[in-house]
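Asker: Provided herewith is a single structure, encoded as C-alpha cells, for subsequent inquiry.
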Amino acid sequence: MRDIPSRYNPQEFEKSIYSKWEKEGLFHTIPSDSKKPFTITIPPPNVTGILHMGHALNNTIQDILIRWKRMQGFASLWVPGTDHAGIATQNVVEKKIAKQGKKRDDFGREKFIDEVWKWREEYGSTIIQQLKRLGSSCDWERTRFTMDAGLSEAVLEAFISLYKRGLIYRGNYIINWCPRCHTALSDEEAPHVDTEGKLYYIRYPFKDTQKAQGIVVATTRPETMLGDVAVAVNPKDKRYKKFIGEKLVLPIVGREITIIEDDFVDKKFGTGAVKVTPAHDPNDFAMGKRHGLEGVLVMNSDATMNENAGRYKGMDRFEARAGILKELDEQGLLVKTEAHAHAVGHCYRCHTAIEPYLSLQWFVKMKPLAEPAIEAVKRGDIKFTPKRWTKVYLNWMENIRDWCISRQIWWGHRLPVYYCNACGEVIVSKTKPERCPECGSTNIRQDEDVLDTWFSSWLWPFSVLGWPEKTKDLEYFYPTDTLVTAPEILFFWVARMIMAGIEFTGKAPFKDVYLHGTVRDLTGKKMSKSLGNIIDPIEIIDEFGTDALRYSMIAITATGQDVFLSKEKFEIGRNFANKIWNASRFVLMNIKGFKAEPCGEIASDASLADKWILSKLNSAIEAVTGSLEKHKFNEAEAVIYDFFWHDFCDWYVEMVKPVLMDNSRSETKERKSVERILLHVLENSLKLLHPFMPFVTEAVWQNIMERKSIMSEAWPVSDKKTIKKGIEKEMETIKSIIVSTRNIRSDMNIPHTVKFSVFIKPLKKGKGNILEPGRDYIKNLARLGDLVIDDDLKKPEACATAVLEDYNLFIPLKGIIDIGAEKDRLGKKIAELEKQLRFTDVRLKDEKFITRAPEKIVEQEKEKSSKLKEQIKRTKETIKSLD
RNA sequence: GGGCGAUUAGCUCAGUUGGUUGGAGCGCUGCCCUCACAUGGCAGAGGUCACUGGUUCGAGUCCAGUAUCGCCCACCA
C-alpha cells in the first residue's frame with residue numbers, strides 16, 4: 001500500500017496537473033460532426049491586468065460551465081485572450097518611460113508604439129499565467145489579442161462597413177475630454193462622481209450702465225466665463241423679459257454679449273439667468289446652435305488656459321478659477337458663493353475631472369444599431385441572469401446616444417481614414433491610397449486618431465473565431481452560448497456586442513448573459529488597489545489552494561449578488577478539499593488493487609445502506625445538474641457538499657466500516673458489494689465536483705486511482721430507478737434512533753467507550769421488522785452492547801427513554817441514571833411537543849382553515865395533531881412509570 | 001430626479017411556484033486525538049425573518065408604504 005499523506009497539499013499537485021492537461025491538449029477544441037458546440041469567449045482582461053478577485057470569480061464561473069459541458073460531451077470551447085486597453089496600456093508605458101525621464105514625444109509615434117509592444121512582450125502574459133493558476137481550461141492555442149492581425153482586420157472591416165452605411169460620421173461636438181490622458185472619451189468612460197462643489201454668483205454689468213446694475217448668473221465653473229458668448233433667460237421669466245436683446249459686458253474679457261431667451265433655462269435654479277459657453281458645456285453648445293452663436297474655446301487640451309484667456313493664458317484651469325474669482329471679487333462682481341453638490345464626470349482610467357470640450361471627433365450613429373438589439377432581447381433571443389438587468393439594458397438602449405469613437409492617443413487601431421492634403425478629400429480605406437481619387441494627388445495623410453478600445457471589444461465573440469473571414473470555426477462555434485461578465489460593463493461591452501453581432505453577422509452573439517456580482521470587502525467597499533483592501537487571489541492560491549479559492553468564492557456567491565470577501569472564507573474550501581482527499585484516501589485504502597467494476601445493477605440483496613446511498617447519489621446527480629442548468633452555482637455546490645460530506649462520509653462510510661474492518665468478512669460477497677459501491681459513489685462524486693474543484697479531483701483520479709484524466713470522463717446521469725423515497729424514509733427512521741441514543745448518551749455524560757444496550761418496543765406489531773435491516777448500523781453507530789427489538793417488551797426499570805413516532809426506545813441505566821433529571825428531560829420534550837400541538841390545534845379549530853384550505857393540507861394537519869397527542873400521552877406515561 | 005439591490009442566528013449568507021417544526025458555514029457550549037480526515041467526529045444552545053399596513057384559511061416568501069445601507073443611470077448651469 002502506497003503512502004497517502006493525510007492532508008491534501010495543493011502545491012504538490014496543481015502545477016504539474018495543469019501542465020499535463022495542457023500537454024495532452026485537453027483544452028483544445030475543434031469543430032466536430034458528432035458533437036454539439038458549447039462556446040464561451042472570455043471577457044478579455046486588459047493586457048496590463050493583474051488577476052484580482054473579480055477575475056477569479058468571473059473565470060471560475062466560466063470554467064465551471066466549460067468543464068461541465070465538456071464532460072457532457074459537447075465540443076466545449078473557451079476562447080481566451082487579452083484586450084489592448086488603449087488608454088490604460090499607454091498610461092502604463094508612459095509611466096515606465098517617465099522613470100527614465102522621458103515623454104512619449106521624445107520617442108515619436110512609431111518608436112513609442114514599439115515600446116508598448118516591447119512592454120507587452122515582457123509583461124502581457126502575466127494575466128494569462130494567472131488565469132492558468134486558477135485552473136481555467138481555456139483553449140490557449142486560440143489565444144487572441146485585440147491588436148493582433150486578424151482582429152485588426154476585423155476592426156477595419158467593421159469601421160468601413162459602418163461608414164458605407166452612413167453610420168459613422170465626423171463632427172465638431174462637445175465631448176468628454178480628459179486633460180490628463182489628452183483624449184476624448186465616450187459618455188460611458190466618464191462616470192459622474194458626486195462632488196461637493198461651489199456655486200458662484202457673478203454679476204455681468206450692462207453695456208449701458210444706466211439700465212441697472214447688471215444681471216447675476218450662477219456657475220460652478222467660473223473659469224469658463226472667459227468663453228461666454230451670451231446670457232440666457234427663460235422667455236417666461238418676468239424678471240428678465242424686459243432685458244432680452246440687451247447687451248452686457250463680459251467682465252475681465254470686456255466682450256459684448258447679448259441676453260437671449262431659451263426654454264432650456266430653469267427659472268428656479270440659481271438666478272434664472274445662465275451664462276452661455278458653447279465650447280465648454282454640452283447644453284450651452286446646443287443653445288449656441290439654436291441661436292447661431294459660435295463658441296470660444298478658452299482651454300488647451302491639457303486644461304490650461306489658451307490665448308483666448310488673456311492674462312490667464314498658460315494657467316491651469318483651477319489656478320485660473322482662483323485668479324478669476326479674486327479679480328471678480330475685487331471688482332465687486334462676485335455676489336456670493338454657496339456650497340453646491342453636483343455630479344462631475346471623471347476619467348475612468350485616471351480619475352481626473354473631465355472637461356466638456358468642443359472638438360472634432362468621429363462618432364457612430366447608434367439608434368439604427370440599437371433597434372434590432374432591443375428587439376432581440378425583447379424576443380427572448382438573449383436572456384439575462386438575473387432577469388432584472390433586462391430592464392436596465394433596455395432602458396439604456398432606448399435612450400442611446402451616439403458613440404464618440406476617436407481617441408487622441410497612439411496605442412490602438414488607427415482610424416482607416418485618409419485625407420488628401422491637396423483637395424481635402426476624405427478617403428476611408430483599409431490601406432493607404434496611392435492617389436486621391438478626387439484630384440489624383442499623392443500628398444495623402446492618415447488620420448492621427450485611434451479607435452476606442454471598445455471598438456475592437458464589441459467584435460470579440462466573432463472576431464476571435466475568424467470574422468470577417470467565413471471560417472469553419474465561425475460557422476460551427478458562433479453564435480456563442482453564454483457570456484459571463486460583471487454588470488459594470490453592461491453598456492460598455494455587452495450591449496455593444498449585441499449590436500455588433502446583429503449588425504455584422506446577422507445573429508445575436510450569445511444566448512445567455514450571466515451577470516455576477518461585484519467583489520467587495522467585508523465593509524461593502526469594492527476591492528481596489530487605491531483603497532488597499534485587495535485580497536490577492538494568487539496569495540490565496542498559494543496559501544489555501546486553487547480549489548479552496550474556487551469553491552469558497554462560488555459557495556458564498558448567490559446569483560447576481562455582490563460578494564463580500566475575507567480571508568477566512570477560504571477555509572471552507574480548503575477544509576472541503578481536504579475532506580475529499582481523505583475520504584478518497586479511505587476508500588482507496590480499503591479497496592484491493594484500486595480497481596472495481598462499474599457498479600451496474602444493484603443486487604437485490606444489497607444492504608439498506610447500499611440502496612440508500614445510491615438513492616441519495618442519484619438525487620444529488622439530478623440536483624447538481626439541474627442547478628447548473630439554472631446557473632445556480634452556489635446551490636449546485638451546496639448539494640454536492642451536503643451529499644458528499646454528510647450522507648456519504650458521515651453516514652454511509654461509518655455504516656460500512658464494520659464490514660471493511662472485519663478480517664473474517666474480507667472475502668465475502670458483502671465486502672465486495674461495499675467496495676464496489678464505495679468506489680462508485682466516490683467516482684461519481686469526484687466527477688460532480690470536478691468543474692468546481694478541478695485539481696483535488698484530478699489529483700485523486702490520477703495520482704491515487706492511477707487513471708487517465710477526469711476531465712475527459714462523462715458527466716454522471718441520474719438513474720431515476722435508483723432513487724427510492726421509501727428507502728430514504730426507512731433510513732431516516734434508523735438515523736433518528738441512532739441520534740436519539742447518542743443524544744441520551746451525551747445528556748447523561750456517558751463516555752462513548754461505555755457500551756449499553758437499547759430496547760425498542762414498536763407501537764404496532766410488525767413495525768419492528770422494518771428496523772431489522774438497520775440493526776447493525778444502530779448497534780455500531782450508537783455504540784451499543786445489544787439491541788433488543790420486541791413487540792411485547794416490558795419497560796425496563798431505571799431507564800432513559802426516547803419517545804419516537806413509531807417506537808419507544810429504552811436504555812436501562814441502573815446506577816447511572818438520575819431519575820429526577822430524566823423526568824426533567826422528558827418534561828422538556830413534552831413542552832416542545834405541546835408547543836407544536838398548540839399551533840396545529842389553533843389551525844384546526846379555525847373553521848375557515850377547515851373549509852378553505854386544500855383537503856390535503858387539512859388532512860396533514862389532523863394527522864400531525866393526532867401524532868403529537870399520541871406522543872405526548874406516551875411521554876407522560878413514561879414519566880409516570882418512573883415513580 | 002429616476003431605477004435597482006440589500007435588511008433572516010453573535011458574524012457572513014442561502015431560502016425554488018405562499019403550506020407542517022425557517023437552513024448552512026464560521027463562531028459559541030459540552031464530550032472526544034474512536035484504526036480516512038482535529039483542515040476532524042458526536043451532541044447542543046442560539047431567530048418577533050428591518051418596520052407598518054394589506055391580500056389570504058395560511059406570508060420570510062405576494063402587494064403598498066416607511067426606515068437604514070449600498071449601487072447604477074441622469075445635460076439644472
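Letters A, B, ... mark the chains of the C-alpha cells in the order given; residue numbers begin at 1 per chain; ligand numbers begin at 1, in order shown.
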Within 6 Å of chain B, which residues belong to chain A? Use only C-alpha atoms (C1' of nucleotides) and report them as a list in words.
Answerer: Thr219, Asn283, Asn575, Asn582, Ala583, Arg585, Phe586, Asn743, Ser746, Lys848, Phe849, Arg852 and Ala853 of chain A
Asker: Let me see the file: selected residues, C-alpha atoms, as a compact mmCIF listing (two decimals), in the first residue's frame.
Answerer:
```
# COMPACT_ATOMS: atom_id res chain seq x y z
CA THR A 219 -21.91 78.91 -12.35
CA ASN A 283 -26.20 72.39 -23.05
CA ASN A 575 -11.41 22.06 4.51
CA ASN A 582 -9.25 11.95 2.96
CA ALA A 583 -12.47 10.24 2.02
CA ARG A 585 -7.80 8.01 0.74
CA PHE A 586 -10.05 5.93 2.96
CA ASN A 743 -28.43 12.30 22.44
CA SER A 746 -24.49 12.97 25.60
CA LYS A 848 -62.10 29.00 7.74
CA PHE A 849 -58.99 26.86 7.59
CA ARG A 852 -60.96 26.84 2.60
CA ALA A 853 -57.56 25.19 2.78
```
Asker: Once DSSP has gone over the backbone, tell me which residues of stretch 133-223 of chain A are in strand (DSSP E or B), as a PDB file with N, CA, C and O atoms, in the first residue's frame.
Answerer:
```
ATOM      1  N   ARG A 144      -6.209  35.068 -28.348  1.00  0.00           N
ATOM      2  CA  ARG A 144      -6.221  36.219 -29.247  1.00  0.00           C
ATOM      3  C   ARG A 144      -5.902  37.497 -28.487  1.00  0.00           C
ATOM      4  O   ARG A 144      -5.972  37.546 -27.252  1.00  0.00           O
ATOM      5  N   PHE A 145      -5.546  38.503 -29.258  1.00  0.00           N
ATOM      6  CA  PHE A 145      -5.210  39.812 -28.702  1.00  0.00           C
ATOM      7  C   PHE A 145      -5.892  40.828 -29.603  1.00  0.00           C
ATOM      8  O   PHE A 145      -5.866  40.682 -30.823  1.00  0.00           O
ATOM      9  N   ILE A 168     -21.185  56.133 -39.585  1.00  0.00           N
ATOM     10  CA  ILE A 168     -20.041  56.760 -38.928  1.00  0.00           C
ATOM     11  C   ILE A 168     -19.902  58.157 -39.516  1.00  0.00           C
ATOM     12  O   ILE A 168     -19.979  58.334 -40.732  1.00  0.00           O
ATOM     13  N   TYR A 169     -19.762  59.125 -38.647  1.00  0.00           N
ATOM     14  CA  TYR A 169     -19.611  60.498 -39.131  1.00  0.00           C
ATOM     15  C   TYR A 169     -18.586  61.234 -38.282  1.00  0.00           C
ATOM     16  O   TYR A 169     -18.231  60.804 -37.183  1.00  0.00           O
ATOM     17  N   ARG A 170     -18.142  62.361 -38.837  1.00  0.00           N
ATOM     18  CA  ARG A 170     -17.157  63.173 -38.141  1.00  0.00           C
ATOM     19  C   ARG A 170     -17.777  64.538 -37.885  1.00  0.00           C
ATOM     20  O   ARG A 170     -18.505  65.054 -38.747  1.00  0.00           O
ATOM     21  N   GLY A 171     -17.534  65.097 -36.708  1.00  0.00           N
ATOM     22  CA  GLY A 171     -18.123  66.412 -36.471  1.00  0.00           C
ATOM     23  C   GLY A 171     -17.583  67.086 -35.224  1.00  0.00           C
ATOM     24  O   GLY A 171     -16.914  66.470 -34.393  1.00  0.00           O
ATOM     25  N   ASN A 172     -17.875  68.380 -35.147  1.00  0.00           N
ATOM     26  CA  ASN A 172     -17.482  69.186 -34.003  1.00  0.00           C
ATOM     27  C   ASN A 172     -18.571  69.128 -32.938  1.00  0.00           C
ATOM     28  O   ASN A 172     -19.678  69.618 -33.167  1.00  0.00           O
ATOM     29  N   TYR A 173     -18.272  68.515 -31.838  1.00  0.00           N
ATOM     30  CA  TYR A 173     -19.253  68.438 -30.763  1.00  0.00           C
ATOM     31  C   TYR A 173     -18.550  68.558 -29.423  1.00  0.00           C
ATOM     32  O   TYR A 173     -17.330  68.404 -29.335  1.00  0.00           O
ATOM     33  N   ILE A 174     -19.354  68.802 -28.402  1.00  0.00           N
ATOM     34  CA  ILE A 174     -18.804  68.783 -27.049  1.00  0.00           C
ATOM     35  C   ILE A 174     -18.645  67.319 -26.641  1.00  0.00           C
ATOM     36  O   ILE A 174     -19.600  66.550 -26.674  1.00  0.00           O
ATOM     37  N   ILE A 175     -17.442  66.970 -26.310  1.00  0.00           N
ATOM     38  CA  ILE A 175     -17.204  65.598 -25.849  1.00  0.00           C
ATOM     39  C   ILE A 175     -16.576  65.644 -24.454  1.00  0.00           C
ATOM     40  O   ILE A 175     -16.235  66.723 -23.943  1.00  0.00           O
ATOM     41  N   ASN A 176     -16.448  64.489 -23.846  1.00  0.00           N
ATOM     42  CA  ASN A 176     -15.770  64.413 -22.541  1.00  0.00           C
ATOM     43  C   ASN A 176     -14.275  64.374 -22.808  1.00  0.00           C
ATOM     44  O   ASN A 176     -13.779  63.464 -23.470  1.00  0.00           O
ATOM     45  N   TRP A 177     -13.590  65.356 -22.322  1.00  0.00           N
ATOM     46  CA  TRP A 177     -12.148  65.422 -22.576  1.00  0.00           C
ATOM     47  C   TRP A 177     -11.388  65.173 -21.279  1.00  0.00           C
ATOM     48  O   TRP A 177     -11.647  65.816 -20.258  1.00  0.00           O
ATOM     49  N   CYS A 178     -10.466  64.204 -21.338  1.00  0.00           N
ATOM     50  CA  CYS A 178      -9.615  64.002 -20.161  1.00  0.00           C
ATOM     51  C   CYS A 178      -8.333  64.785 -20.366  1.00  0.00           C
ATOM     52  O   CYS A 178      -7.543  64.479 -21.250  1.00  0.00           O
ATOM     53  N   THR A 183      -7.267  62.996 -24.298  1.00  0.00           N
ATOM     54  CA  THR A 183      -8.086  62.350 -25.311  1.00  0.00           C
ATOM     55  C   THR A 183      -9.563  62.553 -25.026  1.00  0.00           C
ATOM     56  O   THR A 183      -9.950  62.848 -23.892  1.00  0.00           O
ATOM     57  N   ALA A 184     -10.324  62.383 -26.087  1.00  0.00           N
ATOM     58  CA  ALA A 184     -11.774  62.346 -25.930  1.00  0.00           C
ATOM     59  C   ALA A 184     -12.170  61.016 -25.311  1.00  0.00           C
ATOM     60  O   ALA A 184     -11.452  60.027 -25.416  1.00  0.00           O
ATOM     61  N   LEU A 185     -13.307  61.011 -24.624  1.00  0.00           N
ATOM     62  CA  LEU A 185     -13.826  59.782 -24.032  1.00  0.00           C
ATOM     63  C   LEU A 185     -15.296  59.663 -24.403  1.00  0.00           C
ATOM     64  O   LEU A 185     -15.962  60.661 -24.659  1.00  0.00           O
ATOM     65  N   HIS A 192     -20.050  59.855 -13.698  1.00  0.00           N
ATOM     66  CA  HIS A 192     -20.241  61.007 -12.825  1.00  0.00           C
ATOM     67  C   HIS A 192     -19.985  60.634 -11.381  1.00  0.00           C
ATOM     68  O   HIS A 192     -20.411  59.595 -10.911  1.00  0.00           O
ATOM     69  N   VAL A 193     -19.285  61.513 -10.711  1.00  0.00           N
ATOM     70  CA  VAL A 193     -18.992  61.304  -9.298  1.00  0.00           C
ATOM     71  C   VAL A 193     -19.581  62.484  -8.539  1.00  0.00           C
ATOM     72  O   VAL A 193     -19.356  63.640  -8.901  1.00  0.00           O
ATOM     73  N   ASP A 194     -20.352  62.162  -7.502  1.00  0.00           N
ATOM     74  CA  ASP A 194     -20.930  63.246  -6.700  1.00  0.00           C
ATOM     75  C   ASP A 194     -19.815  64.030  -6.035  1.00  0.00           C
ATOM     76  O   ASP A 194     -18.958  63.463  -5.371  1.00  0.00           O
ATOM     77  N   THR A 195     -19.857  65.330  -6.240  1.00  0.00           N
ATOM     78  CA  THR A 195     -18.767  66.171  -5.765  1.00  0.00           C
ATOM     79  C   THR A 195     -19.345  67.346  -4.988  1.00  0.00           C
ATOM     80  O   THR A 195     -20.349  67.928  -5.381  1.00  0.00           O
ATOM     81  N   GLU A 196     -18.695  67.669  -3.885  1.00  0.00           N
ATOM     82  CA  GLU A 196     -19.083  68.834  -3.090  1.00  0.00           C
ATOM     83  C   GLU A 196     -18.417  70.035  -3.741  1.00  0.00           C
ATOM     84  O   GLU A 196     -17.229  70.276  -3.538  1.00  0.00           O
ATOM     85  N   GLY A 197     -19.161  70.772  -4.559  1.00  0.00           N
ATOM     86  CA  GLY A 197     -18.556  71.909  -5.247  1.00  0.00           C
ATOM     87  C   GLY A 197     -19.134  73.228  -4.743  1.00  0.00           C
ATOM     88  O   GLY A 197     -19.738  73.274  -3.670  1.00  0.00           O
ATOM     89  N   LYS A 198     -18.921  74.298  -5.514  1.00  0.00           N
ATOM     90  CA  LYS A 198     -19.455  75.595  -5.117  1.00  0.00           C
ATOM     91  C   LYS A 198     -20.190  76.203  -6.299  1.00  0.00           C
ATOM     92  O   LYS A 198     -19.856  75.967  -7.456  1.00  0.00           O
ATOM     93  N   LEU A 199     -21.194  76.979  -5.958  1.00  0.00           N
ATOM     94  CA  LEU A 199     -21.924  77.707  -6.985  1.00  0.00           C
ATOM     95  C   LEU A 199     -21.600  79.188  -6.790  1.00  0.00           C
ATOM     96  O   LEU A 199     -21.816  79.740  -5.715  1.00  0.00           O
ATOM     97  N   TYR A 200     -21.015  79.749  -7.839  1.00  0.00           N
ATOM     98  CA  TYR A 200     -20.588  81.150  -7.737  1.00  0.00           C
ATOM     99  C   TYR A 200     -21.591  82.042  -8.449  1.00  0.00           C
ATOM    100  O   TYR A 200     -22.013  81.743  -9.564  1.00  0.00           O
ATOM    101  N   TYR A 201     -21.976  83.141  -7.800  1.00  0.00           N
ATOM    102  CA  TYR A 201     -22.897  84.112  -8.401  1.00  0.00           C
ATOM    103  C   TYR A 201     -22.095  85.307  -8.866  1.00  0.00           C
ATOM    104  O   TYR A 201     -21.434  85.982  -8.062  1.00  0.00           O
ATOM    105  N   ILE A 202     -22.146  85.569 -10.173  1.00  0.00           N
ATOM    106  CA  ILE A 202     -21.313  86.620 -10.751  1.00  0.00           C
ATOM    107  C   ILE A 202     -22.198  87.639 -11.472  1.00  0.00           C
ATOM    108  O   ILE A 202     -23.101  87.266 -12.223  1.00  0.00           O
ATOM    109  N   ARG A 203     -21.890  88.882 -11.239  1.00  0.00           N
ATOM    110  CA  ARG A 203     -22.663  89.946 -11.893  1.00  0.00           C
ATOM    111  C   ARG A 203     -22.009  90.354 -13.198  1.00  0.00           C
ATOM    112  O   ARG A 203     -20.820  90.638 -13.252  1.00  0.00           O
ATOM    113  N   TYR A 204     -22.824  90.329 -14.280  1.00  0.00           N
ATOM    114  CA  TYR A 204     -22.375  90.824 -15.571  1.00  0.00           C
ATOM    115  C   TYR A 204     -23.050  92.186 -15.775  1.00  0.00           C
ATOM    116  O   TYR A 204     -24.272  92.257 -15.892  1.00  0.00           O
ATOM    117  N   PHE A 206     -24.448  95.700 -17.384  1.00  0.00           N
ATOM    118  CA  PHE A 206     -24.990  96.104 -18.685  1.00  0.00           C
ATOM    119  C   PHE A 206     -24.004  97.017 -19.391  1.00  0.00           C
ATOM    120  O   PHE A 206     -23.198  97.712 -18.753  1.00  0.00           O
ATOM    121  N   ILE A 215     -26.789  91.753 -14.593  1.00  0.00           N
ATOM    122  CA  ILE A 215     -27.507  90.503 -14.372  1.00  0.00           C
ATOM    123  C   ILE A 215     -26.561  89.522 -13.695  1.00  0.00           C
ATOM    124  O   ILE A 215     -25.381  89.414 -14.066  1.00  0.00           O
ATOM    125  N   VAL A 216     -27.105  88.853 -12.674  1.00  0.00           N
ATOM    126  CA  VAL A 216     -26.261  87.905 -11.938  1.00  0.00           C
ATOM    127  C   VAL A 216     -26.502  86.497 -12.482  1.00  0.00           C
ATOM    128  O   VAL A 216     -27.646  86.060 -12.610  1.00  0.00           O
ATOM    129  N   VAL A 217     -25.415  85.830 -12.832  1.00  0.00           N
ATOM    130  CA  VAL A 217     -25.517  84.439 -13.294  1.00  0.00           C
ATOM    131  C   VAL A 217     -24.858  83.534 -12.260  1.00  0.00           C
ATOM    132  O   VAL A 217     -24.028  83.978 -11.468  1.00  0.00           O
ATOM    133  N   ALA A 218     -25.230  82.276 -12.276  1.00  0.00           N
ATOM    134  CA  ALA A 218     -24.635  81.310 -11.342  1.00  0.00           C
ATOM    135  C   ALA A 218     -23.881  80.251 -12.138  1.00  0.00           C
ATOM    136  O   ALA A 218     -24.344  79.805 -13.172  1.00  0.00           O
ATOM    137  N   THR A 219     -22.701  79.927 -11.653  1.00  0.00           N
ATOM    138  CA  THR A 219     -21.911  78.910 -12.354  1.00  0.00           C
ATOM    139  C   THR A 219     -21.071  78.113 -11.376  1.00  0.00           C
ATOM    140  O   THR A 219     -20.706  78.602 -10.305  1.00  0.00           O
TER     141      THR A 219
END
```
Asker: Would you pick out the contacts of B:G23 at 12 Å or less, using only C-alpha atoms (C1' of nucleotides), so that residues sharing its chain but fewer than 6 positions from it are not included, and give the list as a list in words?
Answerer: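 So, after excluding close chain neighbours, the residues are Ala638 of chain A; U8, A9, C13, A14, G15 and G47 of chain B.
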Asker: Produce a file of the selected residues containing C-alpha atoms (C1' of nucleotides), as an mmCIF file, in the first residue's frame.
Answerer:
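So the final result, stored in part_35.cif, reads:
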```cif
data_model
loop_
_atom_site.group_PDB
_atom_site.id
_atom_site.type_symbol
_atom_site.label_atom_id
_atom_site.label_comp_id
_atom_site.auth_asym_id
_atom_site.auth_seq_id
_atom_site.Cartn_x
_atom_site.Cartn_y
_atom_site.Cartn_z
ATOM 1 C CA ALA A 638 -24.289 23.015 -1.582
ATOM 2 C "C1'" U B 8 -33.260 36.300 8.123
ATOM 3 C "C1'" A B 9 -28.911 33.073 14.307
ATOM 4 C "C1'" C B 13 -25.034 34.469 3.916
ATOM 5 C "C1'" A B 14 -28.814 30.566 1.444
ATOM 6 C "C1'" G B 15 -34.127 30.114 1.301
ATOM 7 C "C1'" G B 47 -34.099 33.606 15.144
#
```
Asker: Applying 12 Å and only C-alpha atoms (C1' of nucleotides), which residues near A:Ser627 remain after dropping the ones on its own chain fewer than 3 positions away? List them as a ChimeraX atom specification.
Answerer: /A:65,68,559,620-624,630-640,688 /B:16
Asker: With N, CA, C and O atoms (P, O5', C5', C4', C3', O3' and C1' of nucleotides) retained, export the selected residues as a tab-separated table (two decimals), in the first residue's frame.
Answerer:
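And here is the file that came out, selection22.tsv:
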```
chain	number	residue	atom	x	y	z
A	65	LEU	N	-18.72	26.11	-16.17
A	65	LEU	CA	-19.60	25.82	-17.31
A	65	LEU	C	-18.86	25.02	-18.38
A	65	LEU	O	-19.39	24.03	-18.91
A	68	TRP	N	-18.03	21.44	-17.23
A	68	TRP	CA	-19.28	20.67	-17.13
A	68	TRP	C	-19.76	20.25	-18.52
A	68	TRP	O	-20.06	19.08	-18.76
A	559	THR	N	-26.73	34.03	-6.92
A	559	THR	CA	-26.88	34.55	-8.28
A	559	THR	C	-26.95	36.07	-8.32
A	559	THR	O	-27.89	36.66	-7.79
A	620	ALA	N	-28.60	13.47	-5.88
A	620	ALA	CA	-27.60	14.53	-5.94
A	620	ALA	C	-27.20	14.82	-7.38
A	620	ALA	O	-27.06	15.98	-7.78
A	621	ILE	N	-27.02	13.78	-8.17
A	621	ILE	CA	-26.66	13.97	-9.59
A	621	ILE	C	-27.72	14.82	-10.27
A	621	ILE	O	-27.42	15.78	-10.98
A	622	GLU	N	-28.96	14.44	-10.01
A	622	GLU	CA	-30.06	15.18	-10.62
A	622	GLU	C	-30.07	16.65	-10.17
A	622	GLU	O	-30.22	17.56	-10.98
A	623	ALA	N	-29.87	16.83	-8.88
A	623	ALA	CA	-29.94	18.20	-8.33
A	623	ALA	C	-28.78	19.07	-8.80
A	623	ALA	O	-28.96	20.23	-9.15
A	624	VAL	N	-27.58	18.51	-8.81
A	624	VAL	CA	-26.41	19.28	-9.24
A	624	VAL	C	-26.58	19.68	-10.70
A	624	VAL	O	-26.37	20.84	-11.08
A	630	LYS	N	-29.62	25.83	-14.35
A	630	LYS	CA	-30.23	27.11	-13.98
A	630	LYS	C	-29.17	28.16	-13.63
A	630	LYS	O	-29.50	29.26	-13.19
A	631	HIS	N	-27.90	27.77	-13.78
A	631	HIS	CA	-26.79	28.65	-13.43
A	631	HIS	C	-26.81	29.04	-11.95
A	631	HIS	O	-26.42	30.14	-11.59
A	632	LYS	N	-27.31	28.12	-11.12
A	632	LYS	CA	-27.27	28.38	-9.68
A	632	LYS	C	-26.09	27.62	-9.11
A	632	LYS	O	-26.24	26.51	-8.58
A	633	PHE	N	-24.94	28.24	-9.21
A	633	PHE	CA	-23.70	27.54	-8.88
A	633	PHE	C	-23.55	27.28	-7.40
A	633	PHE	O	-23.07	26.23	-6.99
A	634	ASN	N	-23.96	28.22	-6.59
A	634	ASN	CA	-23.83	28.01	-5.14
A	634	ASN	C	-24.74	26.88	-4.68
A	634	ASN	O	-24.38	26.09	-3.81
A	635	GLU	N	-25.89	26.79	-5.32
A	635	GLU	CA	-26.83	25.73	-4.98
A	635	GLU	C	-26.25	24.36	-5.36
A	635	GLU	O	-26.31	23.41	-4.59
A	636	ALA	N	-25.66	24.29	-6.55
A	636	ALA	CA	-25.04	23.04	-7.00
A	636	ALA	C	-23.96	22.62	-6.02
A	636	ALA	O	-23.87	21.44	-5.63
A	637	GLU	N	-23.15	23.56	-5.60
A	637	GLU	CA	-22.08	23.24	-4.65
A	637	GLU	C	-22.64	22.75	-3.32
A	637	GLU	O	-22.12	21.81	-2.72
A	638	ALA	N	-23.70	23.40	-2.87
A	638	ALA	CA	-24.29	23.01	-1.58
A	638	ALA	C	-24.80	21.58	-1.64
A	638	ALA	O	-24.64	20.81	-0.68
A	639	VAL	N	-25.38	21.20	-2.76
A	639	VAL	CA	-25.92	19.85	-2.89
A	639	VAL	C	-24.81	18.80	-2.80
A	639	VAL	O	-24.89	17.84	-2.04
A	640	ILE	N	-23.76	19.04	-3.56
A	640	ILE	CA	-22.70	18.03	-3.59
A	640	ILE	C	-21.93	18.01	-2.26
A	640	ILE	O	-21.51	16.96	-1.78
A	688	LEU	N	-18.81	14.95	-10.25
A	688	LEU	CA	-19.70	16.08	-9.97
A	688	LEU	C	-18.92	17.27	-9.42
A	688	LEU	O	-19.26	18.42	-9.64
B	16	U	P	-36.77	30.93	-2.62
B	16	U	O5'	-37.96	29.98	-2.92
B	16	U	C5'	-38.82	30.07	-4.01
B	16	U	C4'	-38.22	29.60	-5.32
B	16	U	C3'	-39.27	28.87	-6.18
B	16	U	O3'	-39.71	29.77	-7.21
B	16	U	C1'	-37.43	27.42	-5.78
```
Asker: Might you pull out every residue within 8 Å of stretch 827-844 of chain A, with only C-alpha atoms (C1' of nucleotides) counted and same-chain residues fewer than 4 positions away left off, and present them as a list of chain:residue names?
Answerer: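 Final neighbour list, sorted by chain and number: A:Lys823, A:Phe849, A:Ile850, A:Val858, A:Glu861, A:Lys862, A:Lys864, A:Ser865, A:Leu868, A:Lys869, A:Gln871, A:Ile872, A:Thr875, A:Lys876, A:Ile879, B:U21.
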Asker: Using only C-alpha atoms (C1' of nucleotides), determine which residues lie at most 12 Å from B:A64, disregarding the query and same-chain residues fewer than 6 positions distant; provide the list as a ChimeraX atom specification.
Answerer: /B:52-55
Asker: So that I can see what lies close to A:Arg142, please list as a ChimeraX atom specification the residues with an atom at most 9 Å from it, counting only C-alpha atoms (C1' of nucleotides) and leaving out residues fewer than 3 positions away in the same chain.
Answerer: /A:28,78-81,138-139,464-465
Asker: As a PyMOL selection string, please: every residue in stretch 765-848 of chain A that a backbone DSSP assignment puts in alpha helix (DSSP H).
Answerer: chain A and resi 767-771+775-781+819-845+847-848
Asker: Take atom CA of A:Asp642 and atom CA of A:Asp719 and report the distance between them in Å, one decimal.
Answerer: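 It comes out at 19.5 Å.
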Asker: With distances taken over only C-alpha atoms (C1' of nucleotides), which of B:G60, B:G18, B:A67, B:C28 is nearest to B:A45?
Answerer: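 Of B:G60, B:G18, B:A67, B:C28, the one nearest B:A45, counting only C-alpha atoms (C1' of nucleotides), is B:C28.
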